[in-house]
file query.cif (mmCIF, C-alpha atoms)
data_protein
loop_
_atom_site.label_atom_id
_atom_site.label_comp_id
_atom_site.auth_asym_id
_atom_site.auth_seq_id
_atom_site.Cartn_x
_atom_site.Cartn_y
_atom_site.Cartn_z
CA MET U 1 140.83 169.97 -14.42
CA ALA U 2 142.72 169.78 -17.71
CA LEU U 3 142.94 165.98 -17.43
CA ARG U 4 139.23 165.69 -16.72
CA ARG U 5 138.37 167.86 -19.74
CA ALA U 6 140.68 165.80 -21.96
CA GLY U 7 139.01 162.60 -20.76
CA ALA U 8 135.56 163.99 -21.39
CA VAL U 9 136.53 165.11 -24.93
CA ALA U 10 138.02 161.72 -25.70
CA ARG U 11 134.92 159.90 -24.49
CA SER U 12 132.67 162.22 -26.52
CA HIS U 13 134.59 161.27 -29.71
CA GLY U 14 134.37 157.53 -28.87
CA ILE U 15 138.07 157.08 -28.07
CA PRO U 16 138.65 154.49 -25.25
CA THR U 17 140.96 155.72 -22.55
CA THR U 18 142.69 153.99 -19.64
CA PRO U 19 143.80 156.06 -16.62
CA THR U 20 147.34 155.21 -15.49
CA ARG U 21 148.45 157.04 -12.35
CA GLY U 22 146.74 160.28 -13.43
CA ILE U 23 147.79 160.10 -17.13
CA LEU U 24 145.25 159.34 -19.86
CA THR U 25 146.49 156.81 -22.41
CA ARG U 26 144.91 154.98 -25.34
CA ALA U 27 143.99 151.34 -24.68
CA ALA U 28 146.10 148.81 -26.60
CA PRO U 29 144.39 146.38 -28.96
CA PRO U 30 143.40 143.12 -27.26
CA ARG U 31 145.95 140.29 -27.37
CA PRO U 32 144.91 137.21 -29.35
CA ARG U 33 144.02 134.38 -26.95
CA GLY U 34 143.34 131.62 -29.49
CA PRO U 35 145.77 129.04 -30.88
CA LEU U 36 148.70 130.05 -33.09
CA PRO U 37 147.97 130.41 -36.81
CA ARG U 38 148.70 127.30 -38.88
CA THR U 39 151.88 128.01 -40.81
CA PRO U 40 154.65 125.68 -42.08
CA TRP U 41 156.81 126.64 -39.09
CA THR U 42 154.11 125.89 -36.51
CA THR U 43 153.00 122.61 -38.11
CA ARG U 44 156.23 121.04 -39.46
CA GLY U 45 158.91 123.09 -37.68
CA PRO U 46 161.69 125.21 -39.16
CA PRO U 47 163.26 124.09 -42.46
CA PRO U 48 166.54 122.05 -42.35
CA GLU U 49 168.72 124.88 -43.64
CA GLU U 50 167.50 127.10 -40.81
CA LEU U 51 168.30 124.38 -38.24
CA ALA U 52 171.77 123.89 -39.75
CA ARG U 53 172.44 127.60 -39.49
CA VAL U 54 171.46 127.61 -35.80
CA VAL U 55 173.49 124.50 -34.93
CA GLU U 56 176.58 125.68 -36.86
CA ARG U 57 179.33 126.61 -34.43
CA ARG U 58 180.66 130.07 -34.56
CA PRO U 59 184.43 130.53 -34.79
CA VAL U 60 186.12 131.07 -31.45
CA ARG U 61 188.04 134.26 -31.17
CA GLU U 62 191.68 134.01 -30.38
CA GLN U 63 192.19 134.76 -26.68
CA VAL U 64 195.01 137.06 -25.88
CA GLU U 65 196.66 136.55 -22.49
CA LEU U 66 196.97 139.77 -20.56
CA ASP U 67 199.31 140.40 -17.70
CA THR U 68 197.58 140.91 -14.36
CA ILE U 69 198.50 144.22 -12.82
CA THR U 70 198.62 143.99 -9.03
CA TYR U 71 199.43 146.42 -6.25
CA ALA U 72 202.40 144.35 -5.01
CA GLY U 73 204.89 147.06 -5.94
CA ARG U 74 202.86 149.76 -4.21
CA GLN U 75 202.88 147.76 -0.94
CA HIS U 76 199.39 148.94 -0.12
CA TYR U 77 195.87 148.37 -1.40
CA VAL U 78 194.97 150.23 -4.60
CA PRO U 79 191.37 150.14 -5.90
CA GLY U 80 191.12 148.71 -9.39
CA LEU U 81 194.31 146.64 -9.18
CA ALA U 82 194.35 142.89 -8.60
CA ARG U 83 195.34 141.33 -5.31
CA PRO U 84 198.86 139.89 -5.48
CA ARG U 85 199.50 136.21 -4.77
CA PHE U 86 202.78 135.31 -3.14
CA PRO U 87 204.35 131.84 -2.83
CA PRO U 88 203.96 130.15 0.60
CA TRP U 89 206.49 131.38 3.10
CA ASP U 90 209.02 128.80 4.27
CA ARG U 91 210.01 129.32 7.90
CA GLY U 92 212.96 126.99 7.62
CA TRP U 93 211.71 124.89 10.58
CA HIS U 94 208.59 122.85 11.43
CA ASP U 95 205.98 124.85 13.31
CA PRO U 96 203.20 122.46 14.48
CA TRP U 97 200.77 125.35 15.05
CA HIS U 98 201.06 126.71 11.51
CA SER U 99 201.62 123.55 9.50
CA PRO U 100 199.00 122.30 7.01
CA GLY U 101 199.93 118.73 7.89
CA PRO U 102 200.09 115.74 5.57
CA ARG U 103 197.25 114.68 3.32
CA TYR U 104 194.96 111.93 4.52
CA GLU U 105 196.28 109.57 1.86
CA GLU U 106 199.84 110.03 3.17
CA MET U 107 199.03 109.25 6.82
CA PRO U 108 200.20 105.84 8.12
CA LEU U 109 196.70 104.97 9.52
CA TYR U 110 194.92 105.72 6.25
CA LYS U 111 192.68 102.90 4.96
CA GLU U 112 190.56 102.58 1.86
CA ARG U 113 187.64 101.17 3.83
CA GLY U 114 185.73 103.80 5.74
CA CYS U 115 184.81 103.50 9.40
CA TYR U 116 181.75 105.09 11.03
CA ILE U 117 182.53 106.73 14.37
CA CYS U 118 180.07 107.36 17.20
CA HIS U 119 181.43 110.04 19.55
CA GLN U 120 179.86 112.09 22.31
CA GLY U 121 178.61 114.75 19.90
CA VAL U 122 176.58 112.38 17.67
CA ARG U 123 172.82 112.98 17.77
CA MET U 124 170.97 110.03 16.30
CA LEU U 125 168.02 110.86 14.09
CA GLU U 126 166.01 107.74 14.93
CA GLY U 127 167.06 107.67 18.59
CA VAL U 128 166.97 104.36 20.45
CA ARG U 129 165.69 102.41 17.41
CA GLN U 130 168.83 103.33 15.48
CA ALA U 131 171.09 102.45 18.43
CA GLN U 132 169.28 99.10 18.78
CA TRP U 133 170.08 98.17 15.19
CA LEU U 134 173.71 99.26 15.45
CA THR U 135 174.27 97.26 18.67
CA LYS U 136 171.97 94.30 17.83
CA THR U 137 169.89 94.87 20.94
CA LYS U 138 166.38 94.01 22.05
CA LEU U 139 164.54 96.66 24.10
CA VAL U 140 162.57 95.83 27.26
CA GLU U 141 160.47 98.60 28.81
CA GLY U 142 161.04 99.32 32.51
CA LEU U 143 163.77 98.21 34.88
CA PRO U 144 164.85 94.55 35.30
CA PRO U 145 163.48 92.43 38.20
CA PRO U 146 166.68 92.50 40.32
CA VAL U 147 166.58 96.30 40.39
CA LEU U 148 162.83 96.38 41.10
CA SER U 149 163.34 94.02 44.04
CA ILE U 150 165.87 96.47 45.54
CA ILE U 151 163.35 99.32 45.15
CA ALA U 152 160.56 97.32 46.79
CA ASN U 153 162.65 96.20 49.78
CA PRO U 154 162.49 98.77 52.64
CA ALA U 155 165.71 97.37 54.12
CA HIS U 156 167.67 98.77 51.15
CA GLN U 157 166.31 102.31 51.52
CA LEU U 158 168.11 105.24 53.07
CA GLU U 159 166.63 106.59 56.28
CA GLU U 160 164.88 109.94 55.80
CA HIS U 161 165.93 109.96 52.20
CA GLU U 162 163.13 112.35 51.16
CA GLU U 163 164.44 115.14 53.37
CA GLY U 164 167.99 114.48 52.18
CA VAL U 165 166.99 114.63 48.52
CA LYS U 166 165.02 117.85 49.08
CA ARG U 167 168.08 119.38 50.73
CA ALA U 168 170.19 118.27 47.75
CA ILE U 169 167.78 119.93 45.32
CA SER U 170 167.64 123.11 47.39
CA HIS U 171 171.44 123.17 47.65
CA ALA U 172 171.79 122.90 43.88
CA ARG U 173 168.97 125.29 42.92
CA PHE U 174 168.93 127.86 45.74
CA TRP U 175 171.85 127.77 48.16
CA ASP U 176 175.01 127.12 46.11
CA THR U 177 174.90 130.35 44.12
CA THR U 178 174.60 134.09 44.53
CA GLU U 179 172.47 134.39 41.39
CA VAL U 180 168.73 134.75 41.61
CA ALA U 181 168.18 131.81 39.24
CA PRO U 182 171.28 129.60 38.71
CA ARG U 183 172.14 128.28 35.30
CA ARG U 184 171.71 124.62 34.40
CA GLU U 185 175.42 124.22 33.77
CA HIS U 186 175.92 125.09 37.45
CA TYR U 187 173.16 123.26 39.29
CA CYS U 188 173.15 120.01 37.27
CA PRO U 189 176.66 118.87 38.37
CA VAL U 190 176.00 120.04 41.94
CA LEU U 191 172.81 117.98 42.15
CA PHE U 192 174.63 114.92 40.79
CA GLU U 193 177.40 115.21 43.39
CA ASP U 194 174.85 115.60 46.19
CA LEU U 195 172.88 112.53 45.09
CA ILE U 196 176.07 110.46 44.86
CA HIS U 197 176.96 111.66 48.36
CA LEU U 198 173.59 110.43 49.65
CA CYS U 199 174.17 107.05 48.00
CA ARG U 200 177.62 106.78 49.61
CA LEU U 201 175.95 106.97 53.04
CA MET U 202 174.78 103.39 52.43
CA SER U 203 178.40 102.21 52.70
CA VAL U 204 177.90 102.08 56.48
CA LYS U 205 175.42 99.25 55.95
CA TYR U 206 177.20 97.75 52.91
CA PRO U 207 181.00 98.16 53.27
CA PHE U 208 181.58 96.71 49.80
CA LEU U 209 180.31 100.00 48.34
CA THR U 210 183.61 101.59 49.31
CA ARG U 211 185.30 99.55 46.58
CA ARG U 212 184.06 101.89 43.87
CA MET U 213 185.79 104.66 41.94
CA LEU U 214 184.51 107.52 39.75
CA ALA U 215 186.52 108.15 36.57
CA ARG U 216 186.25 111.39 34.60
CA ASN U 217 187.71 112.35 31.22
CA TYR U 218 188.62 108.80 30.29
CA LYS U 219 188.51 107.63 26.66
CA ILE U 220 186.85 104.48 25.37
CA SER U 221 187.43 102.67 22.08
CA ALA U 222 185.43 99.69 20.83
CA THR U 223 185.30 98.40 17.24
CA TRP U 224 182.85 95.96 15.68
CA GLU U 225 181.37 95.04 12.30
CA ARG U 226 177.66 95.12 11.50
CA GLU U 227 176.50 93.77 8.13
CA SER U 228 179.71 94.75 6.26
CA ILE U 229 179.75 98.16 8.02
CA LEU U 230 182.74 98.90 10.25
CA LEU U 231 181.67 100.79 13.37
CA GLN U 232 183.50 102.27 16.32
CA VAL U 233 182.58 103.97 19.60
CA ARG U 234 185.42 106.10 20.87
CA GLY U 235 186.42 109.25 22.66
CA LEU U 236 185.33 111.00 25.81
CA ASN U 237 181.93 110.20 27.29
CA GLY U 238 180.24 110.44 30.68
CA ILE U 239 181.44 109.86 34.23
CA LEU U 240 182.12 106.17 34.80
CA MET U 241 181.78 104.46 38.16
CA ASN U 242 184.07 101.43 38.24
CA SER U 243 183.90 98.52 40.63
CA VAL U 244 186.23 95.78 41.80
CA SER U 245 183.71 93.07 40.84
CA PRO U 246 181.31 92.98 37.88
CA ILE U 247 177.53 93.20 38.02
CA PRO U 248 175.97 89.71 37.81
CA PRO U 249 173.85 88.91 34.73
CA VAL U 250 170.36 90.35 34.86
CA ALA U 251 168.59 88.05 32.39
CA SER U 252 168.49 84.27 32.76
CA LYS U 253 169.75 81.85 30.11
CA GLU U 254 166.18 81.14 29.00
CA GLU U 255 165.56 84.86 28.42
CA ILE U 256 168.82 85.12 26.49
CA LEU U 257 167.94 82.17 24.24
CA ALA U 258 164.48 83.65 23.66
CA THR U 259 166.05 86.67 21.94
CA GLU U 260 166.90 84.51 18.89
CA GLY U 261 163.38 84.93 17.57
CA HIS U 262 163.37 88.72 17.98
CA VAL U 263 163.43 90.69 14.72
CA LEU U 264 165.31 93.98 14.79
CA GLU U 265 163.36 96.98 13.53
CA THR U 266 164.69 98.73 10.45
CA PHE U 267 163.97 102.26 9.23
CA TYR U 268 164.51 102.03 5.47
CA PRO U 269 165.18 104.22 3.45
CA ILE U 270 167.14 105.99 6.21
CA SER U 271 170.64 104.57 6.57
CA PRO U 272 171.54 103.44 10.12
CA THR U 273 174.84 105.32 9.79
CA ILE U 274 173.23 108.62 8.74
CA ASP U 275 174.43 110.56 11.81
CA LEU U 276 177.81 108.85 12.34
CA GLN U 277 181.10 110.39 11.23
CA GLU U 278 182.78 108.55 8.36
CA VAL U 279 186.60 108.57 8.50
CA ASN U 280 189.39 106.86 6.61
CA VAL U 281 192.17 107.57 9.10
CA TYR U 282 191.54 105.32 12.10
CA GLN U 283 192.89 102.42 14.12
CA GLU U 284 190.88 99.29 14.87
CA LEU U 285 191.35 99.42 18.61
CA ASN U 286 189.52 97.99 21.61
CA ASP U 287 190.51 99.81 24.79
CA THR U 288 188.68 100.28 28.08
CA GLY U 289 190.61 103.47 28.83
CA PHE U 290 192.45 101.98 31.85
CA ARG U 291 195.81 100.27 32.16
CA ASP U 292 196.25 96.60 32.95
CA GLY U 293 196.24 95.90 36.66
CA TYR U 294 193.88 98.74 37.51
CA PRO U 295 192.03 97.47 40.62
CA TYR U 296 188.66 99.02 39.66
CA SER U 297 188.58 97.42 36.25
CA HIS U 298 184.88 96.54 35.85
CA PRO U 299 182.47 99.20 34.52
CA HIS U 300 179.44 99.60 36.75
CA THR U 301 177.39 102.74 35.95
CA LEU U 302 177.85 105.46 33.35
CA PHE U 303 176.51 108.94 34.18
CA PHE U 304 175.63 111.55 31.54
CA LEU U 305 174.98 115.16 32.58
CA GLU U 306 173.20 117.30 30.00
CA SER U 307 174.10 120.59 31.65
CA ALA U 308 174.16 122.94 28.65
CA ASN U 309 172.21 126.08 29.52
CA ILE U 310 170.98 126.70 25.95
CA ARG U 311 168.32 124.23 24.81
CA PRO U 312 169.67 123.64 21.24
CA LYS U 313 173.00 122.52 22.74
CA ARG U 314 171.34 119.89 24.94
CA PHE U 315 170.41 116.44 23.73
CA ARG U 316 166.71 115.71 23.51
CA PRO U 317 165.59 112.83 25.79
CA GLU U 318 165.36 110.36 22.90
CA GLN U 319 168.81 111.34 21.62
CA LEU U 320 170.23 111.13 25.15
CA ARG U 321 168.91 107.58 25.58
CA ALA U 322 170.47 106.56 22.26
CA LYS U 323 173.80 108.06 23.35
CA MET U 324 173.57 106.21 26.69
CA LEU U 325 172.91 102.93 24.90
CA MET U 326 175.82 103.36 22.47
CA PHE U 327 178.39 104.14 25.17
CA ALA U 328 177.09 101.51 27.58
CA PHE U 329 177.48 99.03 24.72
CA GLY U 330 180.96 100.38 23.92
CA ASN U 331 182.17 99.97 27.51
CA ALA U 332 180.69 96.48 27.73
CA LEU U 333 182.16 95.41 24.36
CA ALA U 334 185.64 96.70 25.21
CA LYS U 335 185.56 94.84 28.53
CA ALA U 336 184.25 91.66 26.90
CA LYS U 337 187.08 91.65 24.34
CA VAL U 338 189.60 92.05 27.15
CA LEU U 339 188.10 89.08 28.99
CA TYR U 340 187.17 86.73 26.12
CA GLY U 341 189.28 87.86 23.14
CA ASN U 342 188.41 89.42 19.81
CA ASP U 343 186.71 86.36 18.28
CA PRO U 344 182.92 86.83 17.87
CA LYS U 345 181.05 84.46 20.18
CA VAL U 346 178.17 84.13 22.61
CA LEU U 347 179.53 85.09 26.03
CA GLU U 348 179.52 82.53 28.81
CA GLN U 349 179.20 85.31 31.40
CA PRO U 350 177.34 88.35 29.99
CA VAL U 351 178.72 91.81 30.73
CA VAL U 352 176.28 94.24 32.39
CA VAL U 353 176.74 98.03 32.33
CA GLN U 354 174.24 100.54 33.71
CA SER U 355 173.68 104.12 32.61
CA ILE U 356 171.92 107.16 34.09
CA GLY U 357 171.32 110.42 32.25
CA THR U 358 169.91 113.68 33.61
CA ASP U 359 169.57 117.37 32.85
CA GLY U 360 169.20 118.31 36.51
CA GLN U 361 165.47 117.53 36.63
CA LEU U 362 164.54 114.71 34.22
CA PHE U 363 166.23 111.32 34.67
CA GLN U 364 166.77 108.40 32.28
CA PHE U 365 167.63 104.94 33.67
CA MET U 366 169.15 102.11 31.64
CA VAL U 367 170.57 98.62 32.24
CA PHE U 368 172.44 97.00 29.32
CA GLN U 369 173.50 93.36 29.11
CA LEU U 370 175.97 92.25 26.42
CA ASN U 371 175.18 88.63 25.53
CA THR U 372 177.16 88.20 22.32
CA THR U 373 180.00 89.78 20.36
CA ASP U 374 178.82 88.17 17.09
CA LEU U 375 177.27 91.32 15.66
CA VAL U 376 177.72 90.91 11.91
CA SER U 377 174.40 89.19 11.23
CA SER U 378 170.97 90.16 12.56
CA ASP U 379 170.22 86.50 13.29
CA GLY U 380 171.00 84.62 16.48
CA ILE U 381 171.15 85.81 20.06
CA LYS U 382 170.62 89.52 20.69
CA ASN U 383 171.80 91.82 23.45
CA LEU U 384 169.29 93.19 25.98
CA VAL U 385 168.58 96.66 27.30
CA TRP U 386 166.07 97.83 29.93
CA ILE U 387 165.04 101.51 29.79
CA ASP U 388 162.95 103.50 32.24
CA ALA U 389 162.52 106.85 30.51
CA ASP U 390 161.52 110.39 31.51
CA GLN U 391 161.39 110.21 35.31
CA ASN U 392 161.05 113.64 36.93
CA LEU U 393 162.76 114.19 40.27
CA TYR U 394 160.69 117.36 40.76
CA GLU U 395 158.28 119.34 38.65
CA LYS U 396 159.66 122.83 39.26
CA ALA U 397 162.09 124.73 41.48
CA GLN U 398 160.57 128.17 42.05
CA CYS U 399 163.55 130.47 42.58
CA ILE U 400 161.55 133.73 42.69
CA PRO U 401 158.15 133.90 44.40
CA GLU U 402 155.18 134.88 42.27
CA VAL U 403 153.51 138.07 43.51
CA LYS U 404 150.15 139.37 42.25
CA LYS U 405 148.64 142.54 43.67
CA ARG U 406 151.20 142.60 46.50
CA VAL U 407 150.20 139.09 47.55
CA VAL U 408 152.56 136.10 47.29
CA THR U 409 150.57 133.58 45.28
CA LYS U 410 153.37 131.01 44.86
CA PRO U 411 156.28 131.10 47.31
CA ALA U 412 159.77 130.01 46.37
CA GLY U 413 160.51 126.32 46.84
CA ILE U 414 160.37 122.87 45.27
CA TYR U 415 157.12 121.69 43.68
CA GLY U 416 156.10 118.24 42.48
CA PHE U 417 158.81 116.29 44.31
CA GLN U 418 158.81 112.58 43.35
CA PRO U 419 160.82 110.42 45.78
CA ASP U 420 160.45 107.27 43.64
CA THR U 421 162.96 108.68 41.14
CA PHE U 422 165.69 108.77 43.78
CA LYS U 423 164.76 105.23 44.84
CA LYS U 424 165.57 104.08 41.29
CA PHE U 425 168.81 106.07 41.36
CA LEU U 426 169.79 104.42 44.64
CA ALA U 427 168.75 100.96 43.42
CA LEU U 428 171.07 101.20 40.41
CA TYR U 429 173.86 102.35 42.73
CA LEU U 430 173.32 99.36 45.04
CA HIS U 431 172.83 96.86 42.21
CA GLY U 432 175.59 94.29 42.20
CA THR U 433 176.24 94.66 45.94
CA VAL U 434 172.94 93.74 47.62
#

call {"tool": "encode", "arguments": {"input": "query.cif", "output": "structure tokens"}}
result
Amino acid sequence: MALRRAGAVARSHGIPTTPTRGILTRAAPPRPRGPLPRTPWTTRGPPPEELARVVERRPVREQVELDTITYAGRQHYVPGLARPRFPPWDRGWHDPWHSPGPRYEEMPLYKERGCYICHQGVRMLEGVRQAQWLTKTKLVEGLPPPVLSIIANPAHQLEEHEEGVKRAISHARFWDTTEVAPRREHYCPVLFEDLIHLCRLMSVKYPFLTRRMLARNYKISATWERESILLQVRGLNGILMNSVSPIPPVASKEEILATEGHVLETFYPISPTIDLQEVNVYQELNDTGFRDGYPYSHPHTLFFLESANIRPKRFRPEQLRAKMLMFAFGNALAKAKVLYGNDPKVLEQPVVVQSIGTDGQLFQFMVFQLNTTDLVSSDGIKNLVWIDADQNLYEKAQCIPEVKKRVVTKPAGIYGFQPDTFKKFLALYLHGTV
């Protein structure tokens, strides 16, 4: 009531008031909104003596060094005292687990020129386009004609393969676990092993299929130069199926010569090495990962299993295809340099390496043919790759039935089964034998 009376008295005397959270205050005079008044400072600036006074450096005070007081003598933490710093402790012997190691510049493999490494953890930003430029490769959509002829021929199909594939999917998704819904890291390898087992049943009809071998945890190393950039594919990668004999060339000589006119796509201003690891400690090495005299010396098919249960840890389909292309190229290049030497040239007999990638449901198929090891320039003959992307083996595996109002609306089972995907898987397995 007192505030209301005070406001009424102020208004009766003509005094403007502004309420602020229950307190009556006088209104401030309005701020000028026009231009600044014309004075010598606003028109010509400050006088020279004023500028000289501002620019003149002030004398620096003499700094007195103070001793840092630490809690080293107390042998326990004391608030307000500095943390002591002790010299590094010398054990008197070399402990490899607690040794900082030499500097990069002091290592024997150190080089001034950097090398860009592609390993199994590299995720390429531009996907297959970036891998095409790095490997000097021309892309062809779909599978090559020799593989399509195997798919179309009923004599090369497995009897009752649809029931066998459905049992393999059910074994991986339903039967091989005590969990209600198995994790991807569990069912993806199980499904791969079951599909390989179905393919091995064809060895009764084609005995030459027994001359194959699966290699795990092997390391590849292949080095090449691309437009003054030193590149290398190395390290662990997928599961490699080796063969006693190589896969015959897929493309004819006319198709290989026709690649001279193909122009590789660039993605300026993005650098093609944006995702690769740059190192200065490396060795220019070309190694297939197997010793000389190994009977299964020819790479046949490379399998990649994206079995990480968490989605961010899995490669996206485009990144997975780029990874498949890089490592198929690396295996082919390492084998070509073993057969034909390190000199860049157009190969008399191209090297063919296949690759299959899957996450337990979606499949990627690839056939790569290395035509040349002259990779420095973008001119001349290119390599070839055939890609059949995003092929579902099944739409969904319903582990738990859907129940609405005590009625089972969708029973547990496999939905959207596509047998053509397994036909392509089997055709790549048989390629080079039939």

call {"tool": "residues_around", "arguments": {"input": "query.cif", "residues": "U:Met107", "least_positions_apart": "5", "cutoff": "10 Å", "atoms": "all atoms listed in the file", "output": "count of residues only"}}
result
5

call {"tool": "closest_residue", "arguments": {"input": "query.cif", "among": "U:Trp93, U:Tyr340, U:Tyr296, U:Phe368", "to": "U:Thr137", "atoms": "all atoms listed in the file"}}
result
U:Phe368

call {"tool": "resolve_selection", "arguments": {"input": "query.cif", "expression": "the PyMOL selection byres ((chain U and resi 157) around 12)", "output": "NGL selection string"}}
result
:U and (149-156 or 158-162 or 198-199 or 201-202 or 205-206 or 419-420 or 422-427 or 429-430 or 434)

call {"tool": "resolve_selection", "arguments": {"input": "query.cif", "expression": "the PyMOL selection byres ((chain U and resi 286) around 6)", "output": "list in words"}}
result
Ser221, Ala222, Leu285, Asp287 and Ala334 of chain U

call {"tool": "closest_residue", "arguments": {"input": "query.cif", "among": "U:Ser307, U:Val263, U:Pro246, U:Gly330", "to": "U:Leu191", "atoms": "only C-alpha atoms"}}
result
U:Ser307

call {"tool": "resolve_selection", "arguments": {"input": "query.cif", "expression": "the PyMOL selection byres ((chain U and resi 167-169) around 8)", "output": "list in words"}}
result
Glu163, Gly164, Val165, Lys166, Ser170, His171, Ala172, Arg173, Leu191, Asp194, Leu195 and Ile414 of chain U

call {"tool": "residues_around", "arguments": {"input": "query.cif", "residues": "U:Phe315", "least_positions_apart": "3", "cutoff": "12 Å", "atoms": "all atoms listed in the file", "output": "mmCIF file with C-alpha atoms, in the coordinates of the input"}}
result
data_model
loop_
_atom_site.group_PDB
_atom_site.id
_atom_site.type_symbol
_atom_site.label_atom_id
_atom_site.label_comp_id
_atom_site.auth_asym_id
_atom_site.auth_seq_id
_atom_site.Cartn_x
_atom_site.Cartn_y
_atom_site.Cartn_z
ATOM 1 C CA GLN U 120 179.860 112.090 22.310
ATOM 2 C CA GLY U 121 178.610 114.750 19.900
ATOM 3 C CA VAL U 122 176.580 112.380 17.670
ATOM 4 C CA ARG U 123 172.820 112.980 17.770
ATOM 5 C CA MET U 124 170.970 110.030 16.300
ATOM 6 C CA LEU U 125 168.020 110.860 14.090
ATOM 7 C CA GLY U 127 167.060 107.670 18.590
ATOM 8 C CA PHE U 304 175.630 111.550 31.540
ATOM 9 C CA LEU U 305 174.980 115.160 32.580
ATOM 10 C CA GLU U 306 173.200 117.300 30.000
ATOM 11 C CA SER U 307 174.100 120.590 31.650
ATOM 12 C CA ALA U 308 174.160 122.940 28.650
ATOM 13 C CA ASN U 309 172.210 126.080 29.520
ATOM 14 C CA ILE U 310 170.980 126.700 25.950
ATOM 15 C CA ARG U 311 168.320 124.230 24.810
ATOM 16 C CA PRO U 312 169.670 123.640 21.240
ATOM 17 C CA GLU U 318 165.360 110.360 22.900
ATOM 18 C CA GLN U 319 168.810 111.340 21.620
ATOM 19 C CA LEU U 320 170.230 111.130 25.150
ATOM 20 C CA ARG U 321 168.910 107.580 25.580
ATOM 21 C CA ALA U 322 170.470 106.560 22.260
ATOM 22 C CA LYS U 323 173.800 108.060 23.350
ATOM 23 C CA MET U 324 173.570 106.210 26.690
ATOM 24 C CA GLY U 357 171.320 110.420 32.250
ATOM 25 C CA THR U 358 169.910 113.680 33.610
ATOM 26 C CA ASP U 359 169.570 117.370 32.850
#

call {"tool": "residues_near_point", "arguments": {"input": "query.cif", "point": "(174.2, 93.6, 31.1)", "cutoff": "6 Å", "atoms": "only C-alpha atoms", "output": "ChimeraX atom specification"}}
result
/U:249,351-353,368-370
